[in-house]
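**Student:** File follows, protein.txt with compact mmCIF, C-alpha atoms:
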# COMPACT_ATOMS: atom_id res chain seq x y z
CA MET A 1 -57.17 -11.38 -60.24
CA LEU A 2 -58.52 -11.14 -56.69
CA SER A 3 -62.16 -12.02 -57.29
CA LEU A 4 -64.55 -13.43 -59.86
CA SER A 5 -67.92 -11.82 -60.58
CA ILE A 6 -70.80 -14.02 -61.71
CA GLY A 7 -73.75 -11.77 -62.47
CA PRO A 8 -74.58 -9.86 -59.27
CA PHE A 9 -72.43 -12.18 -57.15
CA ALA A 10 -68.72 -11.90 -56.45
CA LEU A 11 -66.46 -14.59 -55.00
CA SER A 12 -62.89 -14.19 -53.85
CA LEU A 13 -60.29 -16.67 -55.05
CA SER A 14 -60.13 -18.18 -51.55
CA HIS A 15 -63.88 -18.93 -51.68
CA LEU A 16 -63.55 -20.49 -55.12
CA LEU A 17 -60.59 -22.57 -53.96
CA LEU A 18 -62.56 -23.89 -50.99
CA LEU A 19 -65.48 -24.89 -53.23
CA ALA A 20 -63.13 -26.50 -55.75
CA SER A 21 -61.40 -28.46 -52.98
CA LEU A 22 -64.73 -29.77 -51.70
CA GLY A 23 -65.71 -30.73 -55.25
CA LEU A 24 -62.46 -32.61 -55.84
CA ALA A 25 -62.68 -34.38 -52.47
CA THR A 26 -66.25 -35.47 -53.22
CA LEU A 27 -65.33 -36.72 -56.69
CA VAL A 28 -62.25 -38.64 -55.53
CA GLY A 29 -64.15 -40.11 -52.59
CA TRP A 30 -66.99 -41.26 -54.84
CA LEU A 31 -64.63 -42.83 -57.40
CA THR A 32 -62.66 -44.62 -54.68
CA ALA A 33 -65.83 -45.89 -53.02
CA ARG A 34 -67.06 -47.16 -56.37
CA ARG A 35 -63.73 -48.86 -57.04
CA TRP A 36 -63.65 -50.63 -53.65
CA GLN A 37 -67.43 -51.05 -53.30
CA ALA A 38 -67.50 -48.99 -50.13
CA ALA A 39 -69.84 -46.30 -48.79
CA ASN A 40 -69.77 -42.91 -50.52
CA PRO A 41 -68.12 -40.40 -48.12
CA GLU A 42 -69.86 -37.37 -49.67
CA ALA A 43 -71.95 -36.51 -46.60
CA THR A 44 -69.02 -37.05 -44.24
CA LEU A 45 -66.78 -34.75 -46.28
CA LEU A 46 -69.42 -32.01 -46.20
CA HIS A 47 -69.81 -32.42 -42.44
CA LEU A 48 -66.05 -32.20 -42.01
CA LEU A 49 -65.97 -28.94 -43.98
CA LEU A 50 -68.74 -27.46 -41.85
CA LEU A 51 -66.97 -28.57 -38.68
CA GLY A 52 -63.74 -26.96 -39.84
CA LEU A 53 -65.47 -23.67 -40.63
CA ILE A 54 -67.26 -23.61 -37.26
CA VAL A 55 -64.05 -24.28 -35.34
CA ALA A 56 -62.12 -21.73 -37.42
CA ARG A 57 -64.80 -19.12 -36.71
CA ALA A 58 -64.92 -19.95 -33.02
CA ALA A 59 -61.14 -19.65 -32.74
CA PHE A 60 -61.25 -16.25 -34.44
CA VAL A 61 -63.98 -15.01 -32.10
CA VAL A 62 -62.03 -16.19 -29.05
CA ARG A 63 -58.89 -14.44 -30.26
CA TYR A 64 -60.71 -11.15 -30.91
CA TRP A 65 -63.28 -11.46 -28.14
CA THR A 66 -62.96 -7.82 -27.08
CA GLN A 67 -64.40 -6.74 -30.45
CA TYR A 68 -67.31 -9.17 -30.22
CA ARG A 69 -68.35 -9.10 -26.56
CA ASP A 70 -70.35 -5.87 -26.83
CA ASP A 71 -72.28 -7.03 -29.91
CA LEU A 72 -72.81 -10.79 -29.86
CA TRP A 73 -74.81 -10.68 -33.10
CA GLN A 74 -71.51 -10.13 -34.92
CA ILE A 75 -70.41 -13.67 -34.05
CA PRO A 76 -72.61 -15.54 -36.57
CA ASP A 77 -72.10 -12.80 -39.19
CA ILE A 78 -69.38 -14.52 -41.18
CA ARG A 79 -69.46 -11.93 -43.97
CA ASP A 80 -66.42 -10.28 -42.36
CA GLY A 81 -64.32 -13.32 -43.30
CA GLY A 82 -63.10 -13.81 -39.73
CA PHE A 83 -61.63 -17.33 -39.60
CA LEU A 84 -58.46 -18.86 -38.16
CA PHE A 85 -57.89 -21.78 -40.46
CA TRP A 86 -55.23 -23.73 -38.53
CA PRO A 87 -57.59 -24.64 -35.66
CA GLY A 88 -60.22 -25.56 -38.24
CA LEU A 89 -57.77 -27.74 -40.15
CA ILE A 90 -56.69 -29.56 -36.99
CA ALA A 91 -60.34 -30.20 -36.10
CA VAL A 92 -61.02 -31.66 -39.56
CA VAL A 93 -58.02 -34.01 -39.40
CA LEU A 94 -58.89 -35.24 -35.90
CA ALA A 95 -62.57 -35.76 -36.75
CA ALA A 96 -61.63 -37.63 -39.94
CA ALA A 97 -59.30 -39.89 -37.96
CA VAL A 98 -62.09 -40.69 -35.49
CA GLN A 99 -64.50 -41.39 -38.34
CA ALA A 100 -62.00 -43.68 -40.08
CA TRP A 101 -61.37 -45.58 -36.83
CA ARG A 102 -65.10 -46.05 -36.16
CA ARG A 103 -65.94 -47.13 -39.73
CA PRO A 104 -63.01 -49.10 -41.20
CA ALA A 105 -65.02 -50.12 -44.28
CA GLY A 106 -65.26 -46.51 -45.47
CA ARG A 107 -61.73 -45.54 -44.47
CA ARG A 108 -60.15 -45.77 -47.91
CA PRO A 109 -62.58 -43.48 -49.84
CA LEU A 110 -62.78 -41.01 -46.95
CA MET A 111 -59.01 -40.67 -46.68
CA ALA A 112 -58.58 -40.49 -50.46
CA GLY A 113 -61.18 -37.76 -50.81
CA LEU A 114 -59.97 -35.77 -47.79
CA THR A 115 -56.31 -35.98 -48.82
CA SER A 116 -57.00 -34.81 -52.37
CA GLY A 117 -59.18 -31.93 -51.16
CA LEU A 118 -56.65 -30.77 -48.56
CA LEU A 119 -53.82 -31.05 -51.07
CA LEU A 120 -55.64 -28.86 -53.60
CA TRP A 121 -56.56 -26.35 -50.90
CA GLY A 122 -53.02 -26.21 -49.50
CA LEU A 123 -51.25 -25.87 -52.84
CA GLY A 124 -53.84 -23.42 -54.12
CA SER A 125 -53.56 -21.28 -51.00
CA LEU A 126 -49.77 -21.24 -51.30
CA ALA A 127 -49.94 -20.28 -54.97
CA ASN A 128 -52.47 -17.55 -54.23
CA GLN A 129 -50.26 -16.17 -51.45
CA LEU A 130 -47.18 -16.14 -53.68
CA HIS A 131 -49.17 -14.46 -56.46
CA THR A 132 -50.50 -11.83 -54.05
CA GLN A 133 -47.02 -11.01 -52.80
CA GLN A 134 -45.96 -10.19 -56.37
CA GLY A 135 -48.59 -7.46 -56.62
CA GLN A 136 -47.33 -3.89 -56.53
CA LEU A 137 -49.04 -0.56 -55.96
CA PRO A 138 -50.51 0.05 -59.43
CA GLU A 139 -49.75 3.08 -61.55
CA VAL A 140 -53.28 4.44 -61.58
CA ALA A 141 -54.18 8.12 -61.92
CA LEU A 142 -56.97 9.17 -59.57
CA SER A 143 -58.37 12.59 -58.72
CA ASP A 144 -58.97 14.50 -55.51
CA ALA A 145 -62.04 16.52 -54.50
CA ALA A 146 -60.71 19.54 -56.40
CA GLY A 147 -60.35 17.54 -59.62
CA GLU A 148 -56.55 17.46 -59.52
CA THR A 149 -54.85 14.30 -60.78
CA VAL A 150 -53.21 12.20 -58.08
CA SER A 151 -50.94 9.21 -58.73
CA LEU A 152 -51.50 6.29 -56.38
CA ARG A 153 -47.76 5.61 -56.39
CA ARG A 154 -47.11 8.86 -54.54
CA PHE A 155 -48.44 7.27 -51.34
CA ALA A 156 -45.68 4.66 -51.20
CA GLY A 157 -43.31 4.99 -48.27
CA GLN A 158 -45.58 3.92 -45.42
CA PRO A 159 -48.07 1.08 -44.86
CA LEU A 160 -51.18 1.76 -46.90
CA VAL A 161 -54.80 0.57 -46.76
CA VAL A 162 -56.79 1.25 -49.92
CA ASN A 163 -60.55 0.84 -49.70
CA LEU A 164 -62.64 0.72 -52.90
CA TRP A 165 -66.15 1.85 -52.09
CA ALA A 166 -69.27 3.75 -53.17
CA THR A 167 -72.10 5.44 -51.27
CA TRP A 168 -74.74 3.23 -52.94
CA CYS A 169 -73.06 0.07 -51.57
CA PRO A 170 -74.64 -1.00 -48.21
CA PRO A 171 -71.62 -3.05 -47.00
CA CYS A 172 -69.36 -0.09 -47.85
CA ARG A 173 -71.46 2.24 -45.70
CA ARG A 174 -71.57 -0.24 -42.82
CA GLU A 175 -67.81 -0.78 -42.72
CA MET A 176 -66.86 2.88 -43.19
CA PRO A 177 -67.01 3.75 -39.43
CA VAL A 178 -64.75 0.76 -38.73
CA LEU A 179 -62.15 2.05 -41.18
CA VAL A 180 -62.39 5.62 -39.93
CA GLN A 181 -61.90 4.49 -36.33
CA ALA A 182 -58.91 2.39 -37.40
CA GLN A 183 -57.33 5.54 -38.82
CA GLU A 184 -57.14 6.89 -35.28
CA ARG A 185 -55.83 3.65 -33.75
CA TYR A 186 -53.15 3.10 -36.40
CA PRO A 187 -51.55 6.51 -37.08
CA GLN A 188 -48.56 4.80 -38.71
CA VAL A 189 -50.84 3.44 -41.47
CA ARG A 190 -52.34 5.63 -44.19
CA PHE A 191 -55.94 4.93 -45.18
CA LEU A 192 -57.19 5.90 -48.63
CA PHE A 193 -60.87 5.73 -49.55
CA VAL A 194 -61.06 5.43 -53.34
CA ASN A 195 -64.61 6.15 -54.42
CA GLN A 196 -65.80 4.33 -57.50
CA GLY A 197 -67.68 6.32 -60.13
CA GLU A 198 -69.28 9.05 -57.99
CA THR A 199 -68.84 12.80 -57.71
CA PRO A 200 -67.21 14.75 -54.86
CA GLN A 201 -70.61 16.31 -54.13
CA THR A 202 -72.18 12.89 -53.59
CA VAL A 203 -69.40 11.82 -51.24
CA ALA A 204 -69.52 15.12 -49.34
CA GLY A 205 -73.25 14.69 -48.84
CA PHE A 206 -72.75 11.16 -47.53
CA ALA A 207 -69.95 12.24 -45.17
CA GLY A 208 -72.04 15.11 -43.82
CA ALA A 209 -75.13 12.96 -43.28
CA SER A 210 -73.16 10.17 -41.58
CA GLY A 211 -70.88 12.43 -39.54
CA LEU A 212 -67.73 10.71 -40.79
CA ASP A 213 -64.42 12.49 -41.22
CA LEU A 214 -63.47 11.37 -44.72
CA THR A 215 -60.31 13.38 -45.34
CA GLN A 216 -58.43 10.83 -47.43
CA VAL A 217 -60.91 10.37 -50.28
CA LEU A 218 -59.81 9.97 -53.89
CA PHE A 219 -62.04 9.48 -56.91
CA ASP A 220 -61.85 6.79 -59.58
CA ALA A 221 -64.47 7.82 -62.12
CA GLN A 222 -63.86 4.95 -64.55
CA GLY A 223 -63.07 2.14 -62.08
CA ALA A 224 -59.48 1.87 -63.33
CA LEU A 225 -58.10 0.75 -59.97
CA GLY A 226 -60.54 -2.14 -59.63
CA ARG A 227 -59.72 -3.38 -63.12
CA SER A 228 -55.97 -3.11 -62.53
CA ILE A 229 -56.09 -5.30 -59.40
CA GLY A 230 -58.66 -7.73 -60.81
CA SER A 231 -61.59 -6.99 -58.51
CA VAL A 232 -64.60 -4.91 -59.50
CA ALA A 233 -66.68 -6.02 -56.48
CA LEU A 234 -67.37 -3.56 -53.67
CA PRO A 235 -66.14 -3.18 -51.08
CA THR A 236 -62.59 -4.36 -51.74
CA THR A 237 -59.79 -3.47 -49.34
CA LEU A 238 -56.10 -3.72 -50.22
CA PHE A 239 -53.13 -3.73 -47.83
CA TYR A 240 -49.75 -2.51 -49.13
CA SER A 241 -46.40 -2.47 -47.37
CA ALA A 242 -44.28 0.68 -47.18
CA GLU A 243 -42.41 -0.62 -50.23
CA GLY A 244 -45.64 -0.70 -52.23
CA ARG A 245 -46.00 -4.49 -52.18
CA LEU A 246 -49.46 -6.03 -51.84
CA VAL A 247 -49.46 -8.01 -48.60
CA GLY A 248 -53.18 -8.70 -48.19
CA HIS A 249 -56.66 -8.11 -49.54
CA HIS A 250 -60.23 -8.50 -48.42
CA LEU A 251 -63.40 -8.82 -50.46
CA GLY A 252 -66.57 -7.74 -48.70
CA GLU A 253 -67.44 -5.99 -45.46
CA LEU A 254 -64.82 -5.66 -42.74
CA SER A 255 -65.60 -5.86 -39.05
CA SER A 256 -63.39 -4.32 -36.39
CA ALA A 257 -61.99 -7.79 -35.62
CA SER A 258 -61.28 -8.79 -39.22
CA LEU A 259 -59.66 -5.41 -39.92
CA ASP A 260 -57.41 -5.75 -36.86
CA HIS A 261 -56.50 -9.24 -38.05
CA ALA A 262 -55.58 -7.93 -41.51
CA LEU A 263 -53.54 -5.07 -40.05
CA GLU A 264 -51.39 -7.49 -38.06
CA VAL A 265 -49.22 -7.84 -41.14
CA PHE A 266 -47.94 -4.31 -40.45
CA ARG A 267 -46.92 -5.23 -36.90
CA GLN A 268 -44.71 -8.11 -38.01
CA PRO A 269 -40.97 -7.41 -38.07
What does this structure look like when you write it as structure tokens?

**Tutor:**
Amino acid sequence: MLSLSIGPFALSLSHLLLLASLGLATLVGWLTARRWQAANPEATLLHLLLLGLIVARAAFVVRYWTQYRDDLWQIPDIRDGGFLFWPGLIAVVLAAAVQAWRRPAGRRPLMAGLTSGLLLWGLGSLANQLHTQQGQLPEVALSDAAGETVSLRRFAGQPLVVNLWATWCPPCRREMPVLVQAQERYPQVRFLFVNQGETPQTVAGFAGASGLDLTQVLFDAQGALGRSIGSVALPTTLFYSAEGRLVGHHLGELSSASLDHALEVFRQP
């Protein structure tokens, strides 16, 4: 499972893990403060999380500045998931150390809460990564614009990006030019746009109105691919190695920077 849908909302496992880690850190910090009659570190832990996210976002923007410099409004738009977590983690640890040094009375609950939260986040992230790497290109039968059945497995043999989308989905429409442009920049990678539940006529009308060259479109009338990978939220983008192994995934809208970051896995030896 790659995401969890709660009514109209969808959260990726990484989002859920971050929330769970904050919850555990807050609980452990509160219990420790109660045990030692110290100040509750709840507010400090929340501030540390916000600091870490801001630093992680800033580091990502600096690394991919060429994609952001022409449109600065993209910088605060964190829906693209563009974060570099190691700089954020270092900032959290350093800020926590300063806080513990300045307020010795609250050191024990703060360190207990922070350690438990980071431990859950680290182990959960490792488990999620190992689980993702076990995913294989699913045996799902799709169809092309002519109605002919196409097996997804036939596209194994080169790096593959599979985008689940629909014309009624605003984030899907916004990210489509980014994906189409990436097709031209990464000729060694195949891009497949798997439409969810719509007709070829609807997609052709959208492509004509938007001026996009959608030549690699397949159709999934019943949403079988989304169910097989454990994500029915749109858009969802999957990254498969040439051997058909799932090496990455992204829930939500991609920016040019976040897509380039995800495609780095194909440039690694």

**Student:** Closest to Ser231 (chain A) among A:Asn163, A:Ser143, A:Thr202, A:Gln183, using all atoms listed in the file?

**Tutor:**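 Result for the nearest residue to Ser231 (chain A): A:Asn163.
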
**Student:** Do you know which residues are at most 7 Å from region 145-153 of chain A counting all atoms listed in the file, after dropping those on the same chain fewer than 5 positions away, and could you put them as a ChimeraX atom specification?

**Tutor:** /A:137-140,200,218

**Student:** Might you pull out every residue within 6 Å of region 170-175 of chain A, with all atoms listed in the file counted and same-chain residues fewer than 4 positions away left off, and present them as a list of chain:residue names?

**Tutor:**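 Near neighbours after the sequence-gap exclusion: A:Trp165, A:Pro235, A:Glu253, A:Leu254.
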
**Student:** For a quick check of understanding, using all atoms listed in the file, which of A:Ser241, A:Asn40, A:Gln136, A:Thr167 has the smallest distance to Met111 (chain A)?

**Tutor:** A:Asn40

**Student:** Of the candidates A:Arg103, A:Asp144, A:Ala207, A:Gly82, which one gets nearest to Ala262 (chain A) if we count only C-alpha atoms?

**Tutor:** A:Gly82

**Student:** I'd like to know which of A:Phe206, A:Trp30, A:Trp101, A:Phe239 is closest to His261 (chain A), using all atoms listed in the file.

**Tutor:**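 When distances to His261 (chain A) are compared using all atoms listed in the file, the smallest one comes from A:Phe239.
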
**Student:** Just checking: using all atoms listed in the file, which residue out of A:Pro187, A:Pro177, A:Pro87, A:Gly226 ends up closest to Leu214 (chain A)?

**Tutor:**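 Closest to Leu214 (chain A), using all atoms listed in the file: A:Pro177.
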
**Student:** CA of Leu225 (chain A) and CA of Leu19 (chain A) are how many Å apart?

**Tutor:** 27.5 Å

**Student:** Edge lengths and centre in Å to one decimal, as lines of an AutoDock Vina configuration file, of the axis-aligned box that encloses all listed atoms of region 188-193 of chain A with 5 Å added on every side?

**Tutor:**
center_x = -54.7
center_y = 4.7
center_z = -44.1
size_x = 22.3
size_y = 12.5
size_z = 20.8

**Student:** Excluding region 119-133 of chain A and any residue of its chain fewer than 4 positions from it, enumerate the residues within 6 Å of it, using all atoms listed in the file, and give them as number ranges by chain.

**Tutor:** A: 21, 115, 246-247

**Student:** Restricting it to C-alpha atoms, dump the selection as a short mmCIF file (atom, residue, chain, number, x, y, z; two decimals), in the coordinates of the input.

**Tutor:**
data_model
loop_
_atom_site.label_atom_id
_atom_site.label_comp_id
_atom_site.auth_asym_id
_atom_site.auth_seq_id
_atom_site.Cartn_x
_atom_site.Cartn_y
_atom_site.Cartn_z
CA SER A 21 -61.40 -28.46 -52.98
CA THR A 115 -56.31 -35.98 -48.82
CA LEU A 246 -49.46 -6.03 -51.84
CA VAL A 247 -49.46 -8.01 -48.60
#

**Student:** Residues near region 44-46 of chain A, anyone? I mean within 8 Å using only C-alpha atoms, not counting same-chain ones fewer than 3 positions away, as a ChimeraX atom specification.

**Tutor:** /A:22,25-26,41,49-50,110,113-114

**Student:** So how far away is CA of Leu160 (chain A) from CA of Glu243 (chain A), in Å?

**Tutor:**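 Result for CA of Glu243 (chain A) versus CA of Leu160 (chain A): 9.7 Å, one decimal.
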
**Student:** Kindly indicate which residue among A:Leu16, A:Ala56, A:Val180, A:Leu212 lies nearest to Trp86 (chain A), using all atoms listed in the file for the distances.

**Tutor:**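 Smallest distance to Trp86 (chain A) is found for A:Ala56.
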
**Student:** What is the CA of Ala59 (chain A)-CA of Gly81 (chain A) distance in Å, reported with one decimal?

**Tutor:**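 Computing the Euclidean distance for CA of Ala59 (chain A) and CA of Gly81 (chain A) yields 12.7 Å.
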
**Student:** Counting all atoms listed in the file, give me one row per residue of region 76-192 of chain A with an atom at most 12 Å from an atom of region 65-72 of chain A, showing the shortest contact pair and its distance in Å to one decimal, sorted by chain then residue number, as JSON lines.

**Tutor:**
{"residue": "A:Pro76", "atom": "CA", "partner": "A:Leu72", "partner_atom": "CA", "distance": 8.2}
{"residue": "A:Asp77", "atom": "CA", "partner": "A:Leu72", "partner_atom": "CA", "distance": 9.6}
{"residue": "A:Gly82", "atom": "CA", "partner": "A:Tyr68", "partner_atom": "CA", "distance": 11.4}
{"residue": "A:Val178", "atom": "CA", "partner": "A:Gln67", "partner_atom": "CA", "distance": 11.2}
